[in-house]
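Structure data follow from upload21.cif (mmCIF, C-alpha atoms):
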data_protein
loop_
_atom_site.label_atom_id
_atom_site.label_comp_id
_atom_site.auth_asym_id
_atom_site.auth_seq_id
_atom_site.Cartn_x
_atom_site.Cartn_y
_atom_site.Cartn_z
CA MET A 1363 69.60 119.54 112.60
CA CYS A 1364 67.04 116.99 113.62
CA GLY A 1365 67.21 116.00 117.28
CA ARG A 1366 63.79 114.43 117.78
CA TYR A 1367 60.89 113.21 115.67
CA TYR A 1368 57.53 111.51 116.13
CA ILE A 1369 56.05 108.26 114.83
CA ASP A 1370 52.61 106.73 115.22
CA SER A 1371 50.93 103.50 114.14
CA ASP A 1372 50.14 105.00 110.70
CA VAL A 1373 53.86 105.53 110.09
CA GLU A 1374 54.61 101.91 110.98
CA ARG A 1375 51.78 100.77 108.66
CA GLU A 1376 53.48 102.75 105.87
CA ILE A 1377 56.61 100.67 106.36
CA TYR A 1378 54.59 97.45 106.07
CA ARG A 1379 52.99 98.78 102.89
CA ILE A 1380 56.27 99.85 101.23
CA ALA A 1381 58.67 97.07 102.29
CA GLN A 1382 58.66 93.59 100.75
CA GLU A 1383 60.25 92.05 103.84
CA ILE A 1384 59.81 92.90 107.51
CA ASP A 1385 62.44 92.08 110.14
CA GLU A 1386 61.31 90.21 113.22
CA ASN A 1387 62.19 93.20 115.42
CA MET A 1388 59.38 95.24 113.77
CA ARG A 1389 56.74 93.11 115.48
CA GLU A 1390 56.89 95.24 118.63
CA GLU A 1391 55.10 98.47 117.78
CA ARG A 1392 56.51 101.73 119.05
CA THR A 1393 54.80 105.12 118.89
CA GLY A 1394 55.62 108.55 120.24
CA ASP A 1395 58.67 110.78 120.21
CA ILE A 1396 61.92 109.21 119.05
CA TYR A 1397 65.09 110.44 120.75
CA PRO A 1398 68.73 109.82 119.80
CA SER A 1399 70.04 106.41 120.96
CA GLN A 1400 66.56 104.83 120.78
CA ASP A 1401 65.47 102.05 118.42
CA ALA A 1402 63.23 103.25 115.60
CA PRO A 1403 61.70 101.76 112.45
CA VAL A 1404 63.50 102.36 109.15
CA ILE A 1405 63.29 101.20 105.55
CA TYR A 1406 66.49 99.82 104.03
CA GLY A 1407 67.62 97.19 101.54
CA ARG A 1408 69.71 96.54 98.47
CA GLY A 1409 68.75 96.91 94.86
CA ASP A 1410 65.02 96.60 94.36
CA ARG A 1411 64.29 94.73 97.61
CA LEU A 1412 63.10 96.94 100.48
CA ARG A 1413 63.04 95.79 104.10
CA GLY A 1414 61.49 97.23 107.22
CA GLY A 1415 63.28 96.91 110.52
CA LYS A 1416 64.41 98.71 113.62
CA MET A 1417 67.79 100.31 114.10
CA LYS A 1418 69.30 102.48 116.80
CA TRP A 1419 69.50 106.23 116.10
CA GLY A 1420 73.06 107.53 116.23
CA LEU A 1421 76.56 106.40 115.31
CA THR A 1422 79.30 106.32 117.89
CA GLY A 1423 82.05 108.77 116.90
CA LYS A 1424 85.78 108.37 117.44
CA ASP A 1425 85.55 110.20 120.75
CA LYS A 1426 82.57 108.02 121.82
CA SER A 1427 80.13 110.89 121.18
CA LEU A 1428 76.81 110.11 119.53
CA LEU A 1429 76.51 111.44 115.96
CA ILE A 1430 72.82 111.76 115.03
CA ASN A 1431 72.97 113.94 111.90
CA ALA A 1432 75.30 114.35 108.92
CA ARG A 1433 75.40 117.25 106.49
CA ALA A 1434 74.25 116.11 103.06
CA GLU A 1435 76.65 118.57 101.44
CA THR A 1436 79.76 116.92 102.94
CA ALA A 1437 78.70 113.35 103.80
CA LEU A 1438 80.48 111.80 100.79
CA GLU A 1439 83.73 113.57 101.73
CA ARG A 1440 83.80 112.67 105.42
CA PRO A 1441 85.64 109.38 106.12
CA THR A 1442 83.26 108.66 109.02
CA PHE A 1443 80.25 108.69 106.67
CA SER A 1444 81.32 108.21 103.04
CA ASP A 1445 81.27 104.41 102.86
CA SER A 1446 77.85 104.16 104.51
CA VAL A 1447 76.33 106.92 102.35
CA ARG A 1448 77.57 105.15 99.22
CA GLN A 1449 76.47 101.64 100.20
CA ARG A 1450 74.00 101.58 103.11
CA ARG A 1451 71.24 104.11 102.73
CA CYS A 1452 67.92 104.04 104.56
CA VAL A 1453 64.74 106.04 104.97
CA ILE A 1454 63.38 107.08 108.35
CA PRO A 1455 59.59 107.55 108.23
CA ALA A 1456 58.13 110.15 110.60
CA ARG A 1457 54.84 111.91 111.19
CA HIS A 1458 56.72 115.12 112.00
CA PHE A 1459 59.99 116.40 113.46
CA TYR A 1460 60.85 119.13 115.93
CA GLU A 1461 63.24 122.04 116.08
CA TRP A 1462 63.66 124.60 118.85
CA ASN A 1463 63.69 128.32 118.21
CA ARG A 1464 66.02 130.85 119.87
CA GLU A 1465 63.67 131.09 122.84
CA LYS A 1466 63.95 127.30 123.32
CA GLN A 1467 60.33 126.74 122.26
CA LYS A 1468 59.53 123.52 120.44
CA VAL A 1469 58.27 123.91 116.87
CA THR A 1470 56.68 121.00 114.99
CA PHE A 1471 57.23 120.61 111.22
CA TYR A 1472 54.98 118.43 109.06
CA ARG A 1473 53.38 118.15 105.63
CA LYS A 1474 49.74 119.04 105.49
CA GLU A 1475 48.96 117.11 102.31
CA LYS A 1476 50.98 113.98 103.20
CA ALA A 1477 50.80 112.15 106.49
CA THR A 1478 54.32 110.70 106.46
CA LEU A 1479 57.68 112.40 106.04
CA TYR A 1480 60.47 110.26 104.58
CA LEU A 1481 63.81 111.37 106.02
CA ALA A 1482 66.95 110.35 104.10
CA GLY A 1483 69.60 108.56 106.12
CA PHE A 1484 72.27 105.90 106.13
CA TYR A 1485 73.41 103.20 108.52
CA ARG A 1486 76.29 100.98 109.55
CA GLY A 1487 76.78 98.04 111.84
CA GLN A 1488 78.17 98.57 115.32
CA GLU A 1489 78.81 96.10 118.13
CA ASP A 1490 75.17 96.12 119.25
CA GLY A 1491 73.63 96.04 115.76
CA PRO A 1492 72.85 98.53 112.99
CA HIS A 1493 72.71 102.25 113.77
CA PHE A 1494 71.34 105.00 111.51
CA ILE A 1495 71.94 108.70 111.07
CA ILE A 1496 69.70 111.37 109.51
CA LEU A 1497 71.02 113.53 106.68
CA THR A 1498 70.40 117.26 106.99
CA THR A 1499 70.48 120.06 104.45
CA GLN A 1500 70.19 123.84 104.40
CA ALA A 1501 66.80 124.85 105.76
CA ASN A 1502 64.27 126.01 103.21
CA ALA A 1503 61.93 128.99 103.66
CA SER A 1504 59.53 127.05 105.88
CA VAL A 1505 62.16 125.98 108.46
CA ARG A 1506 64.74 128.80 108.21
CA PRO A 1507 62.92 131.17 110.63
CA VAL A 1508 63.46 128.54 113.35
CA HIS A 1509 66.70 126.72 112.42
CA GLU A 1510 69.33 126.83 109.67
CA ARG A 1511 69.31 123.04 109.08
CA MET A 1512 66.53 120.53 108.36
CA PRO A 1513 66.30 116.83 107.46
CA LEU A 1514 66.74 115.89 103.80
CA ILE A 1515 63.17 114.85 102.91
CA LEU A 1516 62.35 112.41 100.12
CA GLU A 1517 59.10 111.86 98.28
CA GLU A 1518 57.59 108.37 98.54
CA GLU A 1519 58.42 107.62 94.89
CA GLU A 1520 62.11 108.41 95.61
CA ILE A 1521 62.53 105.83 98.38
CA ARG A 1522 63.45 102.91 96.14
CA LEU A 1523 65.88 105.05 94.12
CA TRP A 1524 67.55 106.50 97.22
CA ILE A 1525 68.09 103.08 98.76
CA GLY A 1526 68.94 101.09 95.64
CA GLU A 1527 70.54 103.36 93.03
CA ASP A 1528 74.15 104.02 94.09
CA SER A 1529 74.79 106.14 90.99
CA ARG A 1530 72.13 108.70 92.02
CA VAL A 1531 73.36 109.43 95.53
CA GLY A 1532 75.02 112.73 94.59
CA SER A 1533 71.89 114.16 93.01
CA PHE A 1534 69.81 113.23 96.07
CA LEU A 1535 72.30 114.87 98.41
CA ASN A 1536 71.83 118.12 96.47
CA LYS A 1537 68.04 118.05 96.30
CA SER A 1538 65.81 120.59 97.98
CA SER A 1539 63.39 119.45 100.64
CA PRO A 1540 59.69 120.33 100.22
CA LEU A 1541 58.10 123.23 102.06
CA LEU A 1542 56.53 122.24 105.38
CA GLU A 1543 53.83 123.48 107.69
CA ARG A 1544 54.76 124.41 111.24
CA ARG A 1545 52.99 124.78 114.53
CA GLN A 1546 54.06 125.84 117.95
CA ASP A 1547 52.37 125.03 121.25
CA TYR A 1548 53.03 128.51 122.55
CA GLU A 1549 53.67 131.55 120.40
CA GLN A 1550 54.21 135.04 121.77
CA MET A 1551 51.72 137.46 120.30
CA SER A 1552 52.61 141.06 119.61
CA LEU A 1553 50.25 143.99 120.01
CA PHE A 1554 52.15 146.06 117.47
#
Transcribe the structure of this file into structure tokens.
Amino acid sequence: MCGRYYIDSDVEREIYRIAQEIDENMREERTGDIYPSQDAPVIYGRGDRLRGGKMKWGLTGKDKSLLINARAETALERPTFSDSVRQRRCVIPARHFYEWNREKQKVTFYRKEKATLYLAGFYRGQEDGPHFIILTTQANASVRPVHERMPLILEEEEIRLWIGEDSRVGSFLNKSSPLLERRQDYEQMSLF
């Protein structure tokens, strides 16, 4: 699961570098932790044309709850998600994301060799504008000690294919995310 992530000005500059068009709502820069229900920058588009813009994180469910993540393994089967996954995919750039361990301590996950993580997602319109959701997958060896789920992470060269190639959605939903580094503000040390 991914319940919070972090962006900085470098992440927003990445969007400007990758996207051919920038929505007017991107003009107001936002940095820091991103929480569910907040506006955040995303990359989206159709075909070969990528756009940068801000969308709200989380879809309103049937019971008015906020859905912030969807399992990649079942997203195409779930009526709530299937149409959006097939036709409205996006990428959520982040510097890093957080998970909490069993002791409720925050753990930060990032890539040492690459400054920006590209989280796979999808979106749909709601009454107050477009909302996005982050796809999650089984945690790999780097995240599993902390949590059993993690965001589905794309490489930069996969962004255009994820957003524009409808026929490749299934293969992306089954891909493995790269190994990540992790750090923790406080870590209990053992003497034994």
List the neighbours of segment 1398-1406 of chain A out to 8 Å using all atoms listed in the file; skip same-chain residues closer than 4 positions along the sequence, and give me the result as a PyMOL selection string. chain A and resi 1365-1366+1374+1377+1381+1388+1392+1412-1420+1428+1430+1450-1455+1525
Identify, on the basis of only C-alpha atoms, every residue whose closest approach to Val1505 of chain A does not exceed 10 Å; exclude the query and any residue fewer than 5 positions from it along the same chain; express the result as a PDB file with C-alpha atoms, in the coordinates of the input.
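As written to disk, result-v1.pdb reads:
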ATOM      1  CA  GLU A1461      63.240 122.040 116.080  1.00  0.00           C
ATOM      2  CA  VAL A1469      58.270 123.910 116.870  1.00  0.00           C
ATOM      3  CA  THR A1470      56.680 121.000 114.990  1.00  0.00           C
ATOM      4  CA  PHE A1471      57.230 120.610 111.220  1.00  0.00           C
ATOM      5  CA  GLN A1500      70.190 123.840 104.400  1.00  0.00           C
ATOM      6  CA  GLU A1510      69.330 126.830 109.670  1.00  0.00           C
ATOM      7  CA  ARG A1511      69.310 123.040 109.080  1.00  0.00           C
ATOM      8  CA  MET A1512      66.530 120.530 108.360  1.00  0.00           C
ATOM      9  CA  LEU A1541      58.100 123.230 102.060  1.00  0.00           C
ATOM     10  CA  LEU A1542      56.530 122.240 105.380  1.00  0.00           C
ATOM     11  CA  GLU A1543      53.830 123.480 107.690  1.00  0.00           C
ATOM     12  CA  ARG A1544      54.760 124.410 111.240  1.00  0.00           C
TER      13      ARG A1544
END
Have a look at atom CA of Phe1484 of chain A and atom CA of Ala1432 of chain A and let me know their distance in Å, one decimal.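 Interatomic distance here is 9.4 Å.
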Selected residue, from A:Glu1527, A:Asp1410, A:Glu1489, A:Glu1475, that lies nearest to Pro1540 of chain A when counting all atoms listed in the file: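 Going through A:Glu1527, A:Asp1410, A:Glu1489, A:Glu1475 one by one, the smallest distance to Pro1540 of chain A is for A:Glu1475.
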Carefully work through the PyMOL selection byres ((chain A and resi 1393) around 6) for this structure and note down the residues it includes, as a ChimeraX atom specification. /A:1369-1370,1392,1394
Which value, in Å to one decimal, gives the distance between atom CA of Ile1495 of chain A and atom CA of Gly1483 of chain A?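 Distance between the two atoms: 5.5 Å.
The spacing separating atom CA of Asp1372 of chain A from atom CA of Ile1521 of chain A amounts to 17.5 Å.
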Return the padded bounding box of segment 1411-1414 of chain A as lines of an AutoDock Vina configuration file: axis-aligned, built from all atoms listed in the file, 6 Å added on each side, with centre and edge lengths in Å to one decimal.
center_x = 62.9
center_y = 96.0
center_z = 102.4
size_x = 14.8
size_y = 14.5
size_z = 21.6
